[in-house]
Every structure is written in C-alpha cells, then in structure tokens.
>>> print(open('structure38.txt').read())   # compact mmCIF, C-alpha atoms (C1' of nucleotides)
# COMPACT_ATOMS: atom_id res chain seq x y z
CA MET A 15 -73.20 -56.14 -41.27
CA ASP A 16 -75.93 -54.94 -38.94
CA LEU A 17 -79.63 -55.51 -39.26
CA ALA A 18 -80.38 -52.23 -41.05
CA GLU A 19 -77.77 -52.99 -43.70
CA PHE A 20 -79.13 -56.49 -44.13
CA TYR A 21 -82.64 -55.13 -44.66
CA GLU A 22 -81.41 -52.54 -47.17
CA LYS A 23 -79.59 -55.21 -49.16
CA VAL A 24 -82.68 -57.38 -49.11
CA TYR A 25 -84.81 -54.50 -50.44
CA ASP A 26 -82.27 -53.63 -53.14
CA THR A 27 -82.13 -57.25 -54.25
CA VAL A 28 -85.90 -57.72 -54.29
CA ARG A 29 -86.16 -54.62 -56.49
CA LEU A 30 -84.07 -56.47 -59.09
CA VAL A 31 -86.64 -59.23 -59.54
CA PRO A 32 -88.19 -58.66 -62.98
CA GLN A 33 -91.92 -58.21 -63.40
CA GLY A 34 -93.57 -61.53 -64.11
CA LYS A 35 -90.87 -63.46 -62.25
CA VAL A 36 -90.74 -64.96 -58.77
CA THR A 37 -87.98 -66.17 -56.46
CA SER A 38 -87.69 -67.47 -52.92
CA TYR A 39 -86.79 -66.05 -49.51
CA GLY A 40 -83.82 -68.35 -49.28
CA HIS A 41 -82.50 -67.24 -52.66
CA ILE A 42 -82.68 -63.57 -51.71
CA ALA A 43 -80.79 -64.38 -48.52
CA ALA A 44 -78.15 -66.24 -50.53
CA LEU A 45 -77.76 -63.35 -52.99
CA VAL A 46 -77.05 -60.86 -50.21
CA GLY A 47 -74.47 -63.23 -48.79
CA MET A 48 -76.37 -64.60 -45.78
CA PRO A 49 -77.80 -67.96 -46.90
CA ARG A 50 -79.02 -68.95 -43.44
CA HIS A 51 -81.15 -65.89 -42.92
CA SER A 52 -84.14 -66.80 -45.03
CA ARG A 53 -86.57 -66.22 -42.18
CA HIS A 54 -85.26 -62.71 -41.72
CA VAL A 55 -85.88 -61.93 -45.37
CA GLY A 56 -89.51 -62.61 -44.55
CA ALA A 57 -89.25 -60.34 -41.53
CA ALA A 58 -87.77 -57.57 -43.68
CA LEU A 59 -90.58 -57.76 -46.24
CA LYS A 60 -93.22 -57.91 -43.54
CA ILE A 61 -92.50 -54.42 -42.25
CA LEU A 62 -92.66 -52.69 -45.65
CA HIS A 63 -95.14 -49.86 -46.20
CA GLU A 64 -97.86 -50.48 -48.75
CA ASP A 65 -96.62 -47.64 -50.95
CA SER A 66 -93.11 -49.06 -50.99
CA ASP A 67 -91.45 -49.62 -54.36
CA VAL A 68 -90.27 -53.07 -53.29
CA PRO A 69 -92.08 -55.85 -55.24
CA TRP A 70 -92.55 -58.09 -52.20
CA GLN A 71 -95.20 -60.15 -53.97
CA ARG A 72 -92.51 -61.73 -56.15
CA ILE A 73 -91.01 -63.56 -53.16
CA VAL A 74 -92.48 -66.93 -52.18
CA SER A 75 -91.25 -69.98 -50.28
CA SER A 76 -88.75 -72.46 -51.75
CA THR A 77 -91.60 -74.76 -52.80
CA GLY A 78 -93.39 -72.03 -54.73
CA VAL A 79 -96.22 -71.87 -52.24
CA ILE A 80 -97.31 -68.47 -50.92
CA SER A 81 -97.03 -68.58 -47.13
CA SER A 82 -100.40 -68.16 -45.49
CA ARG A 83 -99.18 -66.06 -42.56
CA GLY A 84 -101.78 -67.62 -40.33
CA PRO A 85 -105.45 -68.51 -40.69
CA GLY A 86 -107.86 -65.64 -41.07
CA THR A 87 -105.36 -63.38 -42.83
CA THR A 88 -105.74 -62.18 -46.41
CA GLY A 89 -102.08 -61.51 -47.12
CA ALA A 90 -101.58 -64.60 -49.25
CA GLN A 91 -104.72 -63.81 -51.25
CA ARG A 92 -103.55 -60.26 -51.96
CA GLN A 93 -100.14 -61.54 -53.00
CA ALA A 94 -101.68 -64.05 -55.39
CA GLU A 95 -103.84 -61.33 -56.95
CA ALA A 96 -100.87 -59.00 -57.31
CA LEU A 97 -98.93 -61.72 -59.12
CA GLU A 98 -101.81 -62.55 -61.45
CA ALA A 99 -102.08 -58.84 -62.24
CA GLU A 100 -98.53 -58.80 -63.58
CA GLY A 101 -98.87 -61.96 -65.62
CA VAL A 102 -97.79 -64.75 -63.25
CA HIS A 103 -100.09 -67.74 -63.25
CA VAL A 104 -101.02 -68.69 -59.69
CA GLU A 105 -102.71 -72.03 -59.15
CA THR A 106 -104.71 -73.05 -56.11
CA THR A 107 -103.87 -76.38 -54.55
CA ARG A 108 -106.30 -78.85 -53.11
CA MET A 109 -105.53 -77.55 -49.64
CA GLY A 110 -106.37 -73.98 -50.63
CA GLN A 111 -102.78 -72.83 -50.92
CA PHE A 112 -101.61 -70.49 -53.67
CA LYS A 113 -98.73 -71.82 -55.74
CA VAL A 114 -96.58 -70.53 -58.59
CA SER A 115 -94.48 -72.54 -61.04
CA PHE A 116 -90.74 -71.95 -60.79
CA ALA A 117 -90.38 -73.85 -64.08
CA THR A 118 -92.13 -71.05 -65.98
CA ASN A 119 -91.77 -68.03 -63.66
CA GLY A 120 -88.73 -68.77 -61.52
CA TRP A 121 -85.82 -66.30 -61.32
CA PHE A 122 -82.69 -67.69 -59.69
CA PRO A 123 -79.47 -65.92 -60.74
CA ARG A 124 -76.40 -67.43 -59.11
CA THR A 125 -74.84 -64.14 -57.99
CA LEU A 126 -75.80 -60.56 -57.27
CA GLN A 127 -73.90 -59.52 -60.39
CA GLU A 128 -75.97 -61.82 -62.60
CA ALA A 129 -79.07 -60.52 -60.89
CA GLN A 130 -78.16 -56.93 -61.72
CA GLN A 131 -77.50 -57.82 -65.35
CA ASP A 132 -80.79 -59.68 -65.62
CA ALA A 133 -82.67 -56.77 -64.14
CA GLN A 134 -81.74 -54.46 -67.01
C1' DC B 18 -79.67 -66.10 -19.30
C1' DT B 19 -83.41 -69.16 -21.13
C1' DG B 20 -87.12 -70.17 -23.71
C1' DT B 21 -90.35 -69.17 -27.60
C1' DT B 22 -91.40 -67.46 -32.06
C1' DG B 23 -91.46 -66.92 -36.93
C1' DA B 24 -93.91 -64.03 -44.70
C1' DC B 25 -87.91 -70.32 -43.91
C1' DT B 26 -85.16 -74.62 -45.80
C1' DG B 27 -83.22 -79.19 -46.48
C1' DT B 28 -83.51 -84.16 -45.56
C1' DT B 29 -85.91 -88.24 -44.84
C1' DC B 30 -89.52 -91.26 -44.86
C1' DG C 30 -96.18 -84.85 -53.17
C1' DG C 31 -96.75 -84.17 -48.29
C1' DA C 32 -95.78 -84.80 -43.32
C1' DA C 33 -92.32 -84.87 -39.61
C1' DC C 34 -88.20 -83.38 -38.05
C1' DA C 35 -84.01 -80.77 -37.37
C1' DG C 36 -81.31 -76.72 -38.33
C1' DC C 37 -81.33 -71.87 -38.41
C1' DC C 38 -80.85 -66.90 -36.06
C1' DA C 39 -82.47 -62.24 -34.47
C1' DA C 40 -86.08 -60.37 -31.60
C1' DC C 41 -88.55 -60.46 -27.55
C1' DA C 42 -90.71 -61.71 -23.03
>>> encode(input="structure38.txt", output="structure tokens")
Amino acid sequence: MDLAEFYEKVYDTVRLVPQGKVTSYGHIAALVGMPRHSRHVGAALKILHEDSDVPWQRIVSSTGVISSRGPGTTGAQRQAEALEAEGVHVETTRMGQFKVSFATNGWFPRTLQEAQQDAQ
DNA sequence: CTGTTGACTGTTC
DNA sequence: GGAACAGCCAACA
C-alpha cells in the first residue's frame, strides 16, 4: 500500500463516522489496517480542502482532547464549534483544552465491516 | 545517510 | 488525571 492509497482509505473510513459521534486517530489507523500510523492519519486530515466532504472534526486524540496544533492557531476552536453544531457536547478543561466524552459520543467499531454497517 | 519533526499512543509513575 | 518517557514511521532538510 502506498501513501496515496493509505490516505484514500483514511478518508473513506472517516466518512463512515456518524454525525454526532467521534473517534480517534489511532482507531482510524487500526480500521484501515495500519495501527501504528496514527500520526499519519493526522497528516492526511491536515491537507484536506475546506470544502471536502470528509468530516475531519469527528477525529480527536485517544484521550478525547482536541489537539491544539500549536499556540496561536484556531484550528482546535473551529473543530470544537463544528462538533457542537452537530450535537456533540465539547467541554473546556482547566488548561483551556477542548474535550469530548467517548462514553457518550465515542464510536469505536472493531472492524471496517462493522463500521460500514454502523454507518448506514 | 542522519537527524528532526509531527492534527499520535501506550505505559509508568 | 497529568507529566515524562519511549515507541512509532513517512517526510524533509
């Protein structure tokens, strides 16, 4: 599998995440069969166009915290707003991080097949 | 070829 | 629960 294929699989899988649900980079990587490539899932989402149909905002870190992407950037803020807009409760931690609850909004199918069934 | 760099993760205090 | 590490791996200088 080359990089382009990996990215395509990542995009296809992210598109399966239902509205109002969230999952993690690592889980997307596991679903496409490359569990050690979580960082590259982030890289794949980073280069998306704004008008893309990929719901990138539904992907957060394994702890449920929205990665800041560096001080002075507004990416995390926009992601939090996008999630709130589709019904996901985002709380703000003491340290100013945005965090979602996997207990109420998590989406972690074991396999790609289960993911596709869930997405219907 | 050798570091360094990440929209990351798991383990261990 | 959070901080400190150690893995991780493709891209890039």
>>> interface_residues(input="structure38.txt", of="chain A", to="chain C", cutoff="8 Å", atoms="only C-alpha atoms (C1' of nucleotides)", output="ChimeraX atom specification")
/A:50-51,54
>>> write_last_selection(input="structure38.txt", atoms="C-alpha atoms", output="mmCIF file, in the frame of the given file")
data_model
loop_
_atom_site.group_PDB
_atom_site.id
_atom_site.type_symbol
_atom_site.label_atom_id
_atom_site.label_comp_id
_atom_site.auth_asym_id
_atom_site.auth_seq_id
_atom_site.Cartn_x
_atom_site.Cartn_y
_atom_site.Cartn_z
ATOM 1 C CA ARG A 50 -79.020 -68.950 -43.440
ATOM 2 C CA HIS A 51 -81.150 -65.890 -42.920
ATOM 3 C CA HIS A 54 -85.260 -62.710 -41.720
#
>>> closest_atom_pairs(input="structure38.txt", of="chain B", to="chain A", cutoff="9 Å", atoms="all atoms listed in the file", output="tab-separated table")
residue	atom	partner	partner_atom	distance
B:DG23	C1'	A:Arg53	CA	7.2
B:DA24	C1'	A:Gly56	CA	4.6
B:DC25	C1'	A:Arg53	CA	4.6
B:DT26	C1'	A:Ser76	CA	7.3
>>> atom_distance(input="structure38.txt", atom1="CA of Asn119 (chain A)", atom2="CA of Val68 (chain A)")
18.3 Å
>>> atom_distance(input="structure38.txt", atom1="CA of Gln131 (chain A)", atom2="CA of Thr27 (chain A)")
12.0 Å
>>> atom_distance(input="structure38.txt", atom1="CA of Asp67 (chain A)", atom2="CA of Asp132 (chain A)")
18.5 Å
>>> axis_aligned_box(input="structure38.txt", around="chain C", padding_each_side="3 Å", output="AutoDock Vina command-line options")
--center_x -88.8 --center_y -72.6 --center_z -38.1 --size_x 21.9 --size_y 30.5 --size_z 36.1
